[in-house]
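**Student:** Can you keep this structure in mind? I'll have questions shortly.
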Amino acid sequence: MDLNLKGKVALVIASSQGLGKAVAEQLAKEGARVMITSRNPEKLQAVQKELSEKYRADVQYFPADITKEDEIQSLVRRTREVFGKIDILVNNAGGPPGGAFEELTDHDWEQAFQLNLLSYIRIIREVLPDLKKEGGRIINIASSSIKQPIKGLMLSNTLRLGIVGLSKALAEELAPYRILVNTIAPGRIATDRVDFLDRLKAEKLNVPKEQITEQSKMTIPLGRYGEPEEFANVVAFLASDASSYMTGSSILVDGGMVKSI
């Protein structure tokens, strides 16, 4: 299947590692021109070099803290300066800290809101003038918690649902401009974030991390954690011309873990 991504410009948020990096790599592999970003310039430089050499792709980077509005504006402005336009936005952010309801302070809630919901709103706002010219794609990465709450992740359980509401409402508002908006929700994908959560749970229960990982895999019908590139393949499809009649959808990439209908 020709995804027709060659020459398209994609801005991928939080893309120096984990799922964001995997998405940036898949888009670069398909011929897209990609702007990667995170708060770590050293990691960004390494990823830019890796992807550029591996795929002979046009990959650029710009450091930004997406909890700060002025840095978001600078990121989008720089992307326009380098590539001339933006066709695809992949919103992504690291997960908020774990914790039960009574453990969380107002500061925790405010920080999580800034990172995991308000950043998406601000980035979309900045990118919209480009997307409204010729149509485009907005893909908002959330979590399987949008369908089934995850014990101990109160902040994520709450704020990720805000992403779904945002995406669904935007899908209707932006359809006349041929902008498709979808949410994609990873389950247990083999990233540093999931490894950290497994370690955290293991420490609380005073058991080996490997025991927690194996128990978690037993809840997944496919019997394993997903690979980042498997997740990225679905994002690339949503970003492409092959996905032309999907908008306002929430898509799980979880190996069948979530049991809700």
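In the structure tokens, each chain is lettered A, B, ... as it comes, each chain's residues begin at 1, and ligands are numbered from 1 in order of appearance.
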Pick out each residue of stretch 41-142 of chain A that DSSP on the backbone tags as strand (DSSP E or B); I need them as a PDB file with C-alpha atoms, in the first residue's frame.
**Tutor:**
```pdb
ATOM      1  CA  VAL A  59      14.795  15.190   9.621  1.00  0.00           C
ATOM      2  CA  GLN A  60      15.350  18.352  11.648  1.00  0.00           C
ATOM      3  CA  TYR A  61      15.116  19.069  15.361  1.00  0.00           C
ATOM      4  CA  ILE A  88       0.748  16.267   9.922  1.00  0.00           C
ATOM      5  CA  LEU A  89       0.758  16.854  13.667  1.00  0.00           C
ATOM      6  CA  VAL A  90       1.440  13.976  16.034  1.00  0.00           C
ATOM      7  CA  ASN A  91       0.761  15.127  19.581  1.00  0.00           C
ATOM      8  CA  GLY A  99      -0.395   7.923  42.364  1.00  0.00           C
ATOM      9  CA  GLY A 136      -4.080  17.461   6.991  1.00  0.00           C
ATOM     10  CA  ARG A 137      -3.927  15.106   9.923  1.00  0.00           C
ATOM     11  CA  ILE A 138      -3.929  15.516  13.702  1.00  0.00           C
ATOM     12  CA  ILE A 139      -3.106  12.374  15.654  1.00  0.00           C
ATOM     13  CA  ASN A 140      -3.322  12.619  19.426  1.00  0.00           C
ATOM     14  CA  ILE A 141      -1.502   9.919  21.376  1.00  0.00           C
TER      15      ILE A 141
END
```
**Student:** So which residues touch stretch 186-193 of chain A within 7 Å, counting only C-alpha atoms, skipping near sequence neighbours fewer than 5 positions away, as a ChimeraX atom specification?
**Tutor:** /A:18,143-144,225-228,252-254
**Student:** For A:Pro221, find every residue with an atom within 10 Å (counting only C-alpha atoms), except residues of its own chain fewer than 2 positions away, and show them as a compact mmCIF listing (two decimals) with C-alpha atoms, in the first residue's frame.
**Tutor:**
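Ended up saving to around31.txt:
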```txt
# COMPACT_ATOMS: atom_id res chain seq x y z
CA LYS A 217 1.88 -10.14 29.73
CA MET A 218 -0.56 -12.78 30.92
CA THR A 219 -3.37 -10.19 30.71
CA GLY A 223 1.02 -12.79 25.26
CA ARG A 224 3.63 -10.08 24.91
CA ASP A 254 -2.86 -3.04 22.81
CA GLY A 255 -2.67 -6.66 21.70
CA GLY A 256 -6.25 -7.20 22.85
CA MET A 257 -5.53 -6.23 26.48
CA VAL A 258 -8.53 -3.95 27.01
```
**Student:** For A:Gly7, list every protein, DNA or RNA residue within 10 Å, evaluated using only C-alpha atoms, and leave out those in the same chain fewer than 3 positions away; present the list as a list in words.
**Tutor:**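 The contact residues come out as Asn4, Ala10, Ala28, Glu30, Gly31, Ala32, Arg33, Val34, Ala57, Asp58, Phe83 and Asp87 of chain A.
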**Student:** Any chance you can output those residues with N, CA and C atoms as a compact mmCIF listing (two decimals), in the first residue's frame?
**Tutor:**
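Just written: selection24.txt:
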```txt
# COMPACT_ATOMS: atom_id res chain seq x y z
N ASN A 4 1.65 7.40 0.44
CA ASN A 4 1.74 8.74 -0.14
C ASN A 4 2.18 9.79 0.89
N ALA A 10 5.79 16.51 8.75
CA ALA A 10 5.21 16.05 10.01
C ALA A 10 5.95 16.66 11.19
N ALA A 28 9.70 9.07 8.66
CA ALA A 28 10.90 9.34 7.85
C ALA A 28 11.15 8.21 6.86
N GLU A 30 8.98 6.43 5.45
CA GLU A 30 7.99 6.55 4.37
C GLU A 30 8.22 7.78 3.49
N GLY A 31 9.26 8.55 3.80
CA GLY A 31 9.61 9.68 2.94
C GLY A 31 9.11 11.03 3.40
N ALA A 32 8.49 11.09 4.57
CA ALA A 32 8.04 12.38 5.08
C ALA A 32 9.23 13.21 5.56
N ARG A 33 9.05 14.50 5.58
CA ARG A 33 10.03 15.41 6.19
C ARG A 33 9.55 15.65 7.62
N VAL A 34 10.45 15.46 8.57
CA VAL A 34 10.02 15.36 9.96
C VAL A 34 10.78 16.33 10.85
N ALA A 57 16.71 10.73 4.99
CA ALA A 57 15.49 11.52 5.17
C ALA A 57 15.82 12.93 5.63
N ASP A 58 14.88 13.83 5.37
CA ASP A 58 15.02 15.21 5.82
C ASP A 58 14.40 15.32 7.22
N PHE A 83 10.57 23.97 6.78
CA PHE A 83 9.87 23.16 5.79
C PHE A 83 8.82 23.91 4.98
N ASP A 87 1.88 19.48 7.45
CA ASP A 87 0.77 18.66 6.97
C ASP A 87 0.22 17.73 8.05
```
**Student:** Atom CA of A:Asp2 to atom CA of A:Asp241: how many Å, to one decimal?
**Tutor:**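 If I compute the distance from atom CA of A:Asp2 to atom CA of A:Asp241, I get 8.5 Å.
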**Student:** Against stretch 148-155 of chain A, which residues of stretch 72-107 of chain A fall within 9 Å? For each one I want the closest pair of atoms and the distance in Å (one decimal), counting only C-alpha atoms, rows by chain and increasing residue number, as JSON lines.
**Tutor:**
```
{"residue": "A:Gly95", "atom": "CA", "partner": "A:Leu155", "partner_atom": "CA", "distance": 8.8}
{"residue": "A:Pro96", "atom": "CA", "partner": "A:Leu155", "partner_atom": "CA", "distance": 6.4}
{"residue": "A:Pro97", "atom": "CA", "partner": "A:Leu155", "partner_atom": "CA", "distance": 7.3}
{"residue": "A:Gly98", "atom": "CA", "partner": "A:Leu153", "partner_atom": "CA", "distance": 4.7}
{"residue": "A:Gly99", "atom": "CA", "partner": "A:Gly152", "partner_atom": "CA", "distance": 5.1}
{"residue": "A:Ala100", "atom": "CA", "partner": "A:Gly152", "partner_atom": "CA", "distance": 5.2}
{"residue": "A:Phe101", "atom": "CA", "partner": "A:Met154", "partner_atom": "CA", "distance": 6.1}
{"residue": "A:Leu104", "atom": "CA", "partner": "A:Leu155", "partner_atom": "CA", "distance": 8.5}
```
**Student:** So, with only C-alpha atoms as the atoms that count, which of A:Asp130, A:Ser145, A:Leu197, A:Ser249 lies closest to A:Leu166?
**Tutor:**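 Nearest candidate to A:Leu166 out of A:Asp130, A:Ser145, A:Leu197, A:Ser249: A:Ser249.
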**Student:** Please provide the set of residues having any atom within 12 Å of A:Arg78, restricted to only C-alpha atoms, with same-chain residues fewer than 3 positions apart removed, written as number ranges by chain.
**Tutor:** A: 11, 35-37, 60-64, 71-75, 81-86, 126-127
**Student:** How about saving the chosen residues, C-alpha atoms kept, as a PDB file, in the first residue's frame?
**Tutor:**
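What ended up in out14.pdb:
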```
ATOM      1  CA  LEU A  11       5.725  17.632  13.417  1.00  0.00           C
ATOM      2  CA  MET A  35      10.573  17.876  12.751  1.00  0.00           C
ATOM      3  CA  ILE A  36      11.404  16.168  16.032  1.00  0.00           C
ATOM      4  CA  THR A  37      11.329  17.855  19.421  1.00  0.00           C
ATOM      5  CA  GLN A  60      15.350  18.352  11.648  1.00  0.00           C
ATOM      6  CA  TYR A  61      15.116  19.069  15.361  1.00  0.00           C
ATOM      7  CA  PHE A  62      14.191  21.923  17.659  1.00  0.00           C
ATOM      8  CA  PRO A  63      14.268  21.679  21.472  1.00  0.00           C
ATOM      9  CA  ALA A  64      11.102  22.784  23.267  1.00  0.00           C
ATOM     10  CA  GLU A  71       8.335  27.516  23.362  1.00  0.00           C
ATOM     11  CA  ILE A  72       5.461  25.857  21.491  1.00  0.00           C
ATOM     12  CA  GLN A  73       5.127  28.983  19.362  1.00  0.00           C
ATOM     13  CA  SER A  74       8.858  28.977  18.654  1.00  0.00           C
ATOM     14  CA  LEU A  75       8.742  25.290  17.691  1.00  0.00           C
ATOM     15  CA  GLU A  81      10.817  28.295   8.507  1.00  0.00           C
ATOM     16  CA  VAL A  82      12.553  24.997   7.769  1.00  0.00           C
ATOM     17  CA  PHE A  83       9.873  23.158   5.794  1.00  0.00           C
ATOM     18  CA  GLY A  84       7.480  25.891   4.641  1.00  0.00           C
ATOM     19  CA  LYS A  85       4.350  24.176   5.915  1.00  0.00           C
ATOM     20  CA  ILE A  86       2.978  21.502   8.242  1.00  0.00           C
ATOM     21  CA  GLU A 126      -0.560  27.002  16.528  1.00  0.00           C
ATOM     22  CA  VAL A 127      -0.546  24.434  13.707  1.00  0.00           C
TER      23      VAL A 127
END
```
**Student:** Among stretch 50-216 of chain A, which ones does DSSP place in alpha helix (DSSP H), written as number ranges by chain?
**Tutor:** A: 50-55, 69-83, 106-113, 119-134, 154-174, 192-205, 209-216
**Student:** Could you tell me how far atom CA of A:Glu103 lies from atom CA of A:Ser156, in Å and to one decimal?
**Tutor:**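 Result for atom CA of A:Glu103 versus atom CA of A:Ser156: 14.1 Å, one decimal.
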**Student:** Between A:Lys49, A:Lys29, A:Lys21, A:Arg80, which is the closest to A:Ala93 once you count only C-alpha atoms?
**Tutor:**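 Checking each candidate against A:Ala93, we get A:Lys21 as the closest.
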**Student:** Quick check, in Å to one decimal: how far apart do atom CA of A:Phe196 and atom CA of A:Gln17 lie?
**Tutor:**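 Between atom CA of A:Phe196 and atom CA of A:Gln17 the gap is 14.0 Å.
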